[in-house]
file model_24.txt (compact mmCIF, C-alpha atoms)
# COMPACT_ATOMS: atom_id res chain seq x y z
CA MET E 1 -37.71 -26.30 -71.83
CA ARG E 2 -39.10 -29.34 -70.02
CA GLY E 3 -41.87 -27.21 -68.52
CA LEU E 4 -42.81 -25.83 -71.95
CA LYS E 5 -42.92 -29.34 -73.37
CA ARG E 6 -45.12 -30.59 -70.54
CA TRP E 7 -47.40 -27.56 -70.95
CA LEU E 8 -47.76 -28.29 -74.67
CA ASP E 9 -48.52 -31.96 -73.90
CA ARG E 10 -51.35 -31.10 -71.52
CA SER E 11 -52.89 -27.90 -72.86
CA LEU E 12 -54.93 -27.59 -76.02
CA THR E 13 -54.78 -23.82 -75.56
CA ALA E 14 -50.98 -23.87 -75.73
CA GLN E 15 -51.14 -26.01 -78.84
CA ALA E 16 -53.68 -23.64 -80.40
CA VAL E 17 -51.45 -20.62 -79.71
CA LEU E 18 -48.47 -22.42 -81.25
CA ILE E 19 -50.48 -23.41 -84.34
CA VAL E 20 -51.80 -19.84 -84.75
CA LEU E 21 -48.26 -18.44 -84.57
CA LEU E 22 -46.96 -21.01 -87.05
CA GLY E 23 -49.97 -20.45 -89.34
CA VAL E 24 -49.48 -16.69 -89.33
CA GLY E 25 -45.77 -17.11 -90.06
CA ILE E 26 -46.35 -19.57 -92.88
CA SER E 27 -49.13 -17.42 -94.34
CA ALA E 28 -46.85 -14.38 -94.19
CA VAL E 29 -44.17 -16.25 -96.14
CA VAL E 30 -46.47 -17.90 -98.68
CA ARG E 31 -48.94 -15.02 -99.14
CA ARG E 32 -46.67 -11.97 -99.03
CA ASP E 33 -48.94 -9.90 -101.24
CA GLU E 34 -51.99 -10.25 -98.96
CA PRO E 35 -52.68 -7.95 -95.98
CA PRO E 36 -51.57 -9.03 -92.49
CA ALA E 37 -55.19 -9.45 -91.38
CA SER E 38 -55.49 -12.24 -93.94
CA TRP E 39 -52.44 -13.93 -92.44
CA VAL E 40 -54.08 -13.89 -89.01
CA VAL E 41 -57.36 -15.26 -90.41
CA HIS E 42 -55.49 -18.09 -92.10
CA GLY E 43 -53.52 -18.80 -88.91
CA VAL E 44 -56.72 -19.00 -86.86
CA LEU E 45 -58.35 -21.22 -89.48
CA TYR E 46 -55.37 -23.60 -89.48
CA ALA E 47 -55.44 -23.64 -85.67
CA ALA E 48 -59.16 -24.42 -85.58
CA ILE E 49 -58.71 -27.35 -87.96
CA GLY E 50 -55.61 -28.61 -86.15
CA ILE E 51 -57.14 -28.36 -82.68
CA ALA E 52 -60.33 -30.11 -83.84
CA ILE E 53 -58.21 -33.03 -85.09
CA VAL E 54 -56.09 -33.12 -81.91
CA ALA E 55 -59.18 -32.92 -79.67
CA ALA E 56 -60.83 -35.81 -81.53
CA GLN E 57 -57.65 -37.92 -81.23
CA ARG E 58 -57.37 -37.13 -77.51
CA ARG E 59 -61.02 -37.95 -76.90
CA ARG E 60 -60.61 -41.31 -78.67
CA ALA E 61 -57.42 -42.07 -76.71
CA ARG E 62 -59.07 -41.05 -73.41
CA ARG E 63 -61.98 -43.38 -74.11
CA ALA E 64 -59.64 -46.21 -75.05
CA SER E 65 -57.45 -45.83 -71.95
CA GLY E 66 -60.21 -44.85 -69.53
CA THR E 67 -58.31 -41.88 -68.05
CA ASP E 68 -58.68 -38.13 -67.90
CA VAL E 69 -56.62 -35.53 -69.81
CA ARG E 70 -53.79 -35.35 -67.27
CA GLY E 71 -53.67 -39.12 -66.93
CA LEU E 72 -53.48 -39.51 -70.70
CA ALA E 73 -50.66 -36.96 -70.92
CA GLU E 74 -48.78 -38.81 -68.19
CA LEU E 75 -49.33 -42.19 -69.87
CA ASN E 76 -48.07 -40.80 -73.18
CA ARG E 77 -45.00 -39.35 -71.43
CA LYS E 78 -44.27 -42.70 -69.79
CA LEU E 79 -44.73 -44.45 -73.14
CA ARG E 80 -42.27 -42.07 -74.83
CA HIS E 81 -39.70 -42.57 -72.05
CA ARG E 82 -40.34 -46.32 -71.78
CA GLU E 83 -41.31 -46.08 -68.12
CA VAL E 84 -43.50 -48.98 -67.01
CA PRO E 85 -46.21 -47.80 -64.58
CA SER E 86 -46.08 -49.28 -61.09
CA ASP E 87 -49.72 -48.68 -60.14
CA PRO E 88 -51.99 -51.59 -61.23
CA GLU E 89 -54.75 -49.23 -62.46
CA GLU E 90 -52.22 -47.20 -64.40
CA ARG E 91 -50.75 -50.39 -65.89
CA GLU E 92 -54.20 -51.47 -67.06
CA ALA E 93 -54.83 -48.02 -68.59
CA MET E 94 -51.42 -48.22 -70.29
CA ARG E 95 -52.26 -51.69 -71.61
CA ARG E 96 -55.49 -50.38 -73.14
CA LEU E 97 -53.74 -47.29 -74.55
CA VAL E 98 -50.96 -49.36 -76.15
CA ALA E 99 -53.48 -51.79 -77.63
CA ASP E 100 -55.41 -48.85 -79.10
CA HIS E 101 -52.24 -47.27 -80.50
CA LEU E 102 -51.15 -50.53 -82.12
CA ARG E 103 -54.61 -51.19 -83.55
CA ARG E 104 -54.80 -47.68 -85.07
CA MET E 105 -51.25 -47.84 -86.47
CA GLU E 106 -51.90 -51.24 -88.06
CA ARG E 107 -55.15 -49.99 -89.57
CA ALA E 108 -53.43 -46.86 -90.89
CA GLY E 109 -50.57 -48.98 -92.20
CA ARG E 110 -52.87 -50.40 -94.86
CA TRP E 111 -53.10 -46.94 -96.45
CA LEU E 112 -49.44 -46.02 -96.03
CA PRO E 113 -48.22 -47.51 -99.35
CA TYR E 114 -50.95 -45.63 -101.21
CA TRP E 115 -50.05 -42.36 -99.48
CA LEU E 116 -46.35 -42.86 -100.19
CA GLY E 117 -47.13 -43.72 -103.80
CA PHE E 118 -49.30 -40.64 -104.20
CA MET E 119 -46.60 -38.40 -102.73
CA GLY E 120 -44.05 -39.99 -105.06
CA LEU E 121 -46.28 -39.49 -108.10
CA VAL E 122 -46.83 -35.83 -107.24
CA ALA E 123 -43.09 -35.32 -106.75
CA VAL E 124 -42.23 -37.05 -110.04
CA GLY E 125 -44.99 -35.13 -111.83
CA LEU E 126 -43.66 -31.81 -110.55
CA LEU E 127 -40.15 -32.83 -111.52
CA VAL E 128 -41.30 -33.68 -115.06
CA LEU E 129 -43.14 -30.35 -115.30
CA GLY E 130 -40.00 -28.61 -114.10
CA VAL E 131 -37.91 -30.30 -116.78
CA VAL E 132 -40.46 -29.38 -119.46
CA ASN E 133 -40.65 -25.74 -118.32
CA GLY E 134 -36.95 -25.41 -117.64
CA SER E 135 -37.53 -24.42 -114.02
CA TRP E 136 -35.72 -26.88 -111.76
CA LEU E 137 -35.55 -25.08 -108.43
CA PHE E 138 -39.08 -25.51 -107.07
CA PRO E 139 -39.48 -29.14 -108.25
CA LEU E 140 -36.15 -30.14 -106.71
CA VAL E 141 -37.01 -28.41 -103.43
CA TYR E 142 -40.40 -30.14 -103.43
CA VAL E 143 -38.86 -33.55 -104.18
CA ALA E 144 -36.35 -33.06 -101.34
CA PHE E 145 -39.14 -31.93 -98.98
CA THR E 146 -41.34 -34.89 -99.98
CA ALA E 147 -38.51 -37.38 -99.52
CA GLY E 148 -37.72 -35.87 -96.12
CA LEU E 149 -41.37 -35.88 -95.04
CA CYS E 150 -41.94 -39.48 -96.14
CA SER E 151 -38.73 -40.60 -94.42
CA TRP E 152 -39.75 -38.77 -91.24
CA VAL E 153 -43.22 -40.38 -91.30
CA LEU E 154 -41.73 -43.85 -91.71
CA TRP E 155 -39.14 -43.21 -88.98
CA MET E 156 -41.77 -41.90 -86.50
CA ARG E 157 -44.03 -44.84 -87.30
CA ARG E 158 -41.20 -47.30 -86.63
CA LEU E 159 -40.32 -45.48 -83.40
CA SER E 160 -43.96 -45.58 -82.23
CA PHE E 161 -44.23 -49.28 -83.05
CA ASP E 162 -41.02 -49.99 -81.12
CA ARG E 163 -42.24 -48.04 -78.08
CA CYS E 164 -45.63 -49.74 -78.09
CA HIS E 165 -44.18 -53.23 -78.52
CA PHE E 166 -41.65 -52.58 -75.75
CA MET E 167 -44.38 -51.37 -73.39
CA ARG E 168 -46.70 -54.25 -74.25
CA SER E 169 -43.99 -56.83 -73.59
CA ALA E 170 -42.92 -55.06 -70.37
CA LEU E 171 -46.53 -55.03 -69.13
CA GLU E 172 -46.92 -58.71 -70.01
CA ARG E 173 -43.71 -59.58 -68.14
CA GLN E 174 -45.00 -57.79 -65.03
CA ALA E 175 -48.38 -59.50 -65.27
CA ALA E 176 -46.83 -62.97 -65.58
CA PRO E 177 -46.97 -64.89 -62.30
CA VAL E 178 -43.66 -65.36 -60.54
CA SER E 179 -42.89 -69.05 -59.90
call {"tool": "encode", "arguments": {"input": "model_24.txt", "output": "structure tokens"}}
result
Amino acid sequence: MRGLKRWLDRSLTAQAVLIVLLGVGISAVVRRDEPPASWVVHGVLYAAIGIAIVAAQRRRARRASGTDVRGLAELNRKLRHREVPSDPEEREAMRRLVADHLRRMERAGRWLPYWLGFMGLVAVGLLVLGVVNGSWLFPLVYVAFTAGLCSWVLWMRRLSFDRCHFMRSALERQAAPVS
């Protein structure tokens, strides 16, 4: 399992295959009446969009940290496991990566209340439509899914902030002169 996780961290091809498989499965469930070739086309389309987004994020993170793909994957692994790098060059790359992560999360945090509000309005709107039509099942499932998704986003954001703040303070403690 650890090898699969590391392979998915490093390889865009592995991520593309995973997204294609998930896209085909989701298309098969959502679009049961369409032919299987359509499911595959949708899966490939979802993978192309997802990989383009992931590649752009990786390129931006590589530029910010000044490392290659493997170095970025290793820095992200160390950040997730709260391992402070011992190599001075790696510490400097980690410092730049953490600063970039924090800057992007703070900038995205400005839009978070609007996104949460929009998701809440859509959920309430669907719930009202369900009450009016007498069909409660789909609106309730959607409200539960939306609440779970929003909670997960907030939890992951908090976890990422905690990891980045821990790493920044650990790097600052190591850089402080010993007296």
call {"tool": "residues_around", "arguments": {"input": "model_24.txt", "residues": "Val69 (chain E)", "least_positions_apart": "5", "cutoff": "8 Å", "atoms": "all atoms listed in the file", "output": "list in words"}}
result
Arg10, Arg58 and Arg62 of chain E
call {"tool": "residues_around", "arguments": {"input": "model_24.txt", "residues": "Leu149 (chain E)", "least_positions_apart": "6", "cutoff": "12 Å", "atoms": "only C-alpha atoms", "output": "ChimeraX atom specification"}}
result
/E:115-116,119-120,123,142-143,155-156
call {"tool": "closest_residue", "arguments": {"input": "model_24.txt", "among": "E:Ala93, E:Leu22, E:Leu12, E:Cys150", "to": "Leu45 (chain E)", "atoms": "only C-alpha atoms"}}
result
E:Leu22
call {"tool": "residues_around", "arguments": {"input": "model_24.txt", "residues": "region 14-21 of chain E", "least_positions_apart": "5", "cutoff": "10 Å", "atoms": "only C-alpha atoms", "output": "PyMOL selection string"}}
result
chain E and resi 4+7-9+26-27+39-52+54
call {"tool": "closest_residue", "arguments": {"input": "model_24.txt", "among": "E:Ala144, E:Met94, E:Arg104, E:Val124", "to": "Glu172 (chain E)", "atoms": "all atoms listed in the file"}}
result
E:Met94
call {"tool": "residues_around", "arguments": {"input": "model_24.txt", "residues": "region 100-103 of chain E", "least_positions_apart": "2", "cutoff": "9 Å", "atoms": "all atoms listed in the file", "output": "number ranges by chain"}}
result
E: 61, 64-65, 95-98, 105-108, 160-161, 164-165
call {"tool": "atom_distance", "arguments": {"input": "model_24.txt", "atom1": "CA of Arg32 (chain E)", "atom2": "CA of Phe138 (chain E)"}}
result
17.5 Å
call {"tool": "closest_residue", "arguments": {"input": "model_24.txt", "among": "E:Ser151, E:Trp136, E:Leu171, E:Ala56", "to": "Glu90 (chain E)", "atoms": "all atoms listed in the file"}}
result
E:Leu171
call {"tool": "decode", "arguments": {"input": "model_24.txt", "residues": "region 32-45 of chain E", "atoms": "all heavy atoms", "output": "PDB file, in the first residue's frame"}}
result
ATOM      1  N   ARG E  32     -26.420   5.536 -16.969  1.00  0.00           N
ATOM      2  CA  ARG E  32     -26.657   4.116 -17.252  1.00  0.00           C
ATOM      3  C   ARG E  32     -27.231   3.866 -18.634  1.00  0.00           C
ATOM      4  O   ARG E  32     -26.985   2.819 -19.225  1.00  0.00           O
ATOM      5  CB  ARG E  32     -27.605   3.527 -16.213  1.00  0.00           C
ATOM      6  CG  ARG E  32     -26.950   3.256 -14.899  1.00  0.00           C
ATOM      7  CD  ARG E  32     -27.942   2.740 -13.943  1.00  0.00           C
ATOM      8  NE  ARG E  32     -28.284   3.888 -13.090  1.00  0.00           N
ATOM      9  CZ  ARG E  32     -29.183   3.905 -12.176  1.00  0.00           C
ATOM     10  NH1 ARG E  32     -29.913   2.849 -11.954  1.00  0.00           N
ATOM     11  NH2 ARG E  32     -29.388   4.974 -11.456  1.00  0.00           N
ATOM     12  N   ASP E  33     -27.994   4.815 -19.156  1.00  0.00           N
ATOM     13  CA  ASP E  33     -28.657   4.601 -20.433  1.00  0.00           C
ATOM     14  C   ASP E  33     -27.754   4.844 -21.636  1.00  0.00           C
ATOM     15  O   ASP E  33     -28.118   4.513 -22.756  1.00  0.00           O
ATOM     16  CB  ASP E  33     -29.903   5.479 -20.527  1.00  0.00           C
ATOM     17  CG  ASP E  33     -29.595   6.946 -20.285  1.00  0.00           C
ATOM     18  OD1 ASP E  33     -28.556   7.234 -19.670  1.00  0.00           O
ATOM     19  OD2 ASP E  33     -30.406   7.796 -20.701  1.00  0.00           O
ATOM     20  N   GLU E  34     -26.566   5.411 -21.429  1.00  0.00           N
ATOM     21  CA  GLU E  34     -25.643   5.673 -22.532  1.00  0.00           C
ATOM     22  C   GLU E  34     -24.764   4.454 -22.785  1.00  0.00           C
ATOM     23  O   GLU E  34     -24.545   3.626 -21.899  1.00  0.00           O
ATOM     24  CB  GLU E  34     -24.786   6.895 -22.210  1.00  0.00           C
ATOM     25  CG  GLU E  34     -25.585   8.181 -22.180  1.00  0.00           C
ATOM     26  CD  GLU E  34     -24.710   9.395 -21.961  1.00  0.00           C
ATOM     27  OE1 GLU E  34     -23.473   9.276 -22.005  1.00  0.00           O
ATOM     28  OE2 GLU E  34     -25.274  10.478 -21.733  1.00  0.00           O
ATOM     29  N   PRO E  35     -24.190   4.355 -23.988  1.00  0.00           N
ATOM     30  CA  PRO E  35     -23.314   3.204 -24.294  1.00  0.00           C
ATOM     31  C   PRO E  35     -21.995   3.282 -23.525  1.00  0.00           C
ATOM     32  O   PRO E  35     -21.546   4.374 -23.142  1.00  0.00           O
ATOM     33  CB  PRO E  35     -23.082   3.328 -25.800  1.00  0.00           C
ATOM     34  CG  PRO E  35     -23.396   4.739 -26.141  1.00  0.00           C
ATOM     35  CD  PRO E  35     -24.403   5.222 -25.144  1.00  0.00           C
ATOM     36  N   PRO E  36     -21.355   2.139 -23.304  1.00  0.00           N
ATOM     37  CA  PRO E  36     -20.083   2.126 -22.564  1.00  0.00           C
ATOM     38  C   PRO E  36     -18.980   2.981 -23.197  1.00  0.00           C
ATOM     39  O   PRO E  36     -18.128   3.501 -22.480  1.00  0.00           O
ATOM     40  CB  PRO E  36     -19.698   0.646 -22.558  1.00  0.00           C
ATOM     41  CG  PRO E  36     -20.990  -0.072 -22.681  1.00  0.00           C
ATOM     42  CD  PRO E  36     -21.851   0.787 -23.547  1.00  0.00           C
ATOM     43  N   ALA E  37     -19.003   3.135 -24.501  1.00  0.00           N
ATOM     44  CA  ALA E  37     -17.988   3.989 -25.140  1.00  0.00           C
ATOM     45  C   ALA E  37     -18.115   5.427 -24.644  1.00  0.00           C
ATOM     46  O   ALA E  37     -17.108   6.132 -24.471  1.00  0.00           O
ATOM     47  CB  ALA E  37     -18.139   3.938 -26.654  1.00  0.00           C
ATOM     48  N   SER E  38     -19.322   5.864 -24.388  1.00  0.00           N
ATOM     49  CA  SER E  38     -19.543   7.204 -23.852  1.00  0.00           C
ATOM     50  C   SER E  38     -18.967   7.326 -22.451  1.00  0.00           C
ATOM     51  O   SER E  38     -18.433   8.374 -22.087  1.00  0.00           O
ATOM     52  CB  SER E  38     -21.047   7.508 -23.839  1.00  0.00           C
ATOM     53  OG  SER E  38     -21.299   8.705 -23.169  1.00  0.00           O
ATOM     54  N   TRP E  39     -19.072   6.265 -21.667  1.00  0.00           N
ATOM     55  CA  TRP E  39     -18.501   6.279 -20.320  1.00  0.00           C
ATOM     56  C   TRP E  39     -16.994   6.478 -20.385  1.00  0.00           C
ATOM     57  O   TRP E  39     -16.418   7.233 -19.609  1.00  0.00           O
ATOM     58  CB  TRP E  39     -18.796   4.985 -19.584  1.00  0.00           C
ATOM     59  CG  TRP E  39     -20.238   4.626 -19.446  1.00  0.00           C
ATOM     60  CD1 TRP E  39     -21.322   5.455 -19.589  1.00  0.00           C
ATOM     61  CD2 TRP E  39     -20.748   3.339 -19.160  1.00  0.00           C
ATOM     62  NE1 TRP E  39     -22.473   4.748 -19.395  1.00  0.00           N
ATOM     63  CE2 TRP E  39     -22.162   3.436 -19.129  1.00  0.00           C
ATOM     64  CE3 TRP E  39     -20.181   2.100 -18.919  1.00  0.00           C
ATOM     65  CZ2 TRP E  39     -22.988   2.363 -18.869  1.00  0.00           C
ATOM     66  CZ3 TRP E  39     -20.996   1.028 -18.650  1.00  0.00           C
ATOM     67  CH2 TRP E  39     -22.392   1.159 -18.628  1.00  0.00           C
ATOM     68  N   VAL E  40     -16.358   5.769 -21.322  1.00  0.00           N
ATOM     69  CA  VAL E  40     -14.900   5.861 -21.466  1.00  0.00           C
ATOM     70  C   VAL E  40     -14.507   7.260 -21.922  1.00  0.00           C
ATOM     71  O   VAL E  40     -13.543   7.844 -21.412  1.00  0.00           O
ATOM     72  CB  VAL E  40     -14.380   4.784 -22.444  1.00  0.00           C
ATOM     73  CG1 VAL E  40     -12.904   4.981 -22.732  1.00  0.00           C
ATOM     74  CG2 VAL E  40     -14.642   3.391 -21.894  1.00  0.00           C
ATOM     75  N   VAL E  41     -15.268   7.829 -22.861  1.00  0.00           N
ATOM     76  CA  VAL E  41     -14.968   9.187 -23.338  1.00  0.00           C
ATOM     77  C   VAL E  41     -15.082  10.181 -22.189  1.00  0.00           C
ATOM     78  O   VAL E  41     -14.212  11.045 -22.016  1.00  0.00           O
ATOM     79  CB  VAL E  41     -15.911   9.571 -24.505  1.00  0.00           C
ATOM     80  CG1 VAL E  41     -15.820  11.054 -24.823  1.00  0.00           C
ATOM     81  CG2 VAL E  41     -15.589   8.739 -25.734  1.00  0.00           C
ATOM     82  N   HIS E  42     -16.133  10.046 -21.383  1.00  0.00           N
ATOM     83  CA  HIS E  42     -16.281  10.938 -20.240  1.00  0.00           C
ATOM     84  C   HIS E  42     -15.140  10.743 -19.239  1.00  0.00           C
ATOM     85  O   HIS E  42     -14.623  11.715 -18.689  1.00  0.00           O
ATOM     86  CB  HIS E  42     -17.632  10.722 -19.553  1.00  0.00           C
ATOM     87  CG  HIS E  42     -18.776  11.332 -20.288  1.00  0.00           C
ATOM     88  ND1 HIS E  42     -19.685  10.570 -20.973  1.00  0.00           N
ATOM     89  CD2 HIS E  42     -19.132  12.613 -20.471  1.00  0.00           C
ATOM     90  CE1 HIS E  42     -20.576  11.362 -21.533  1.00  0.00           C
ATOM     91  NE2 HIS E  42     -20.257  12.620 -21.250  1.00  0.00           N
ATOM     92  N   GLY E  43     -14.754   9.498 -18.985  1.00  0.00           N
ATOM     93  CA  GLY E  43     -13.652   9.229 -18.066  1.00  0.00           C
ATOM     94  C   GLY E  43     -12.353   9.851 -18.539  1.00  0.00           C
ATOM     95  O   GLY E  43     -11.606  10.440 -17.743  1.00  0.00           O
ATOM     96  N   VAL E  44     -12.067   9.753 -19.830  1.00  0.00           N
ATOM     97  CA  VAL E  44     -10.848  10.343 -20.387  1.00  0.00           C
ATOM     98  C   VAL E  44     -10.924  11.872 -20.326  1.00  0.00           C
ATOM     99  O   VAL E  44      -9.923  12.534 -20.015  1.00  0.00           O
ATOM    100  CB  VAL E  44     -10.619   9.838 -21.830  1.00  0.00           C
ATOM    101  CG1 VAL E  44      -9.525  10.614 -22.524  1.00  0.00           C
ATOM    102  CG2 VAL E  44     -10.296   8.354 -21.821  1.00  0.00           C
ATOM    103  N   LEU E  45     -12.097  12.430 -20.595  1.00  0.00           N
ATOM    104  CA  LEU E  45     -12.259  13.879 -20.506  1.00  0.00           C
ATOM    105  C   LEU E  45     -12.030  14.369 -19.081  1.00  0.00           C
ATOM    106  O   LEU E  45     -11.314  15.354 -18.857  1.00  0.00           O
ATOM    107  CB  LEU E  45     -13.660  14.282 -20.984  1.00  0.00           C
ATOM    108  CG  LEU E  45     -13.984  15.762 -20.910  1.00  0.00           C
ATOM    109  CD1 LEU E  45     -13.125  16.547 -21.900  1.00  0.00           C
ATOM    110  CD2 LEU E  45     -15.455  16.001 -21.177  1.00  0.00           C
TER     111      LEU E  45
END
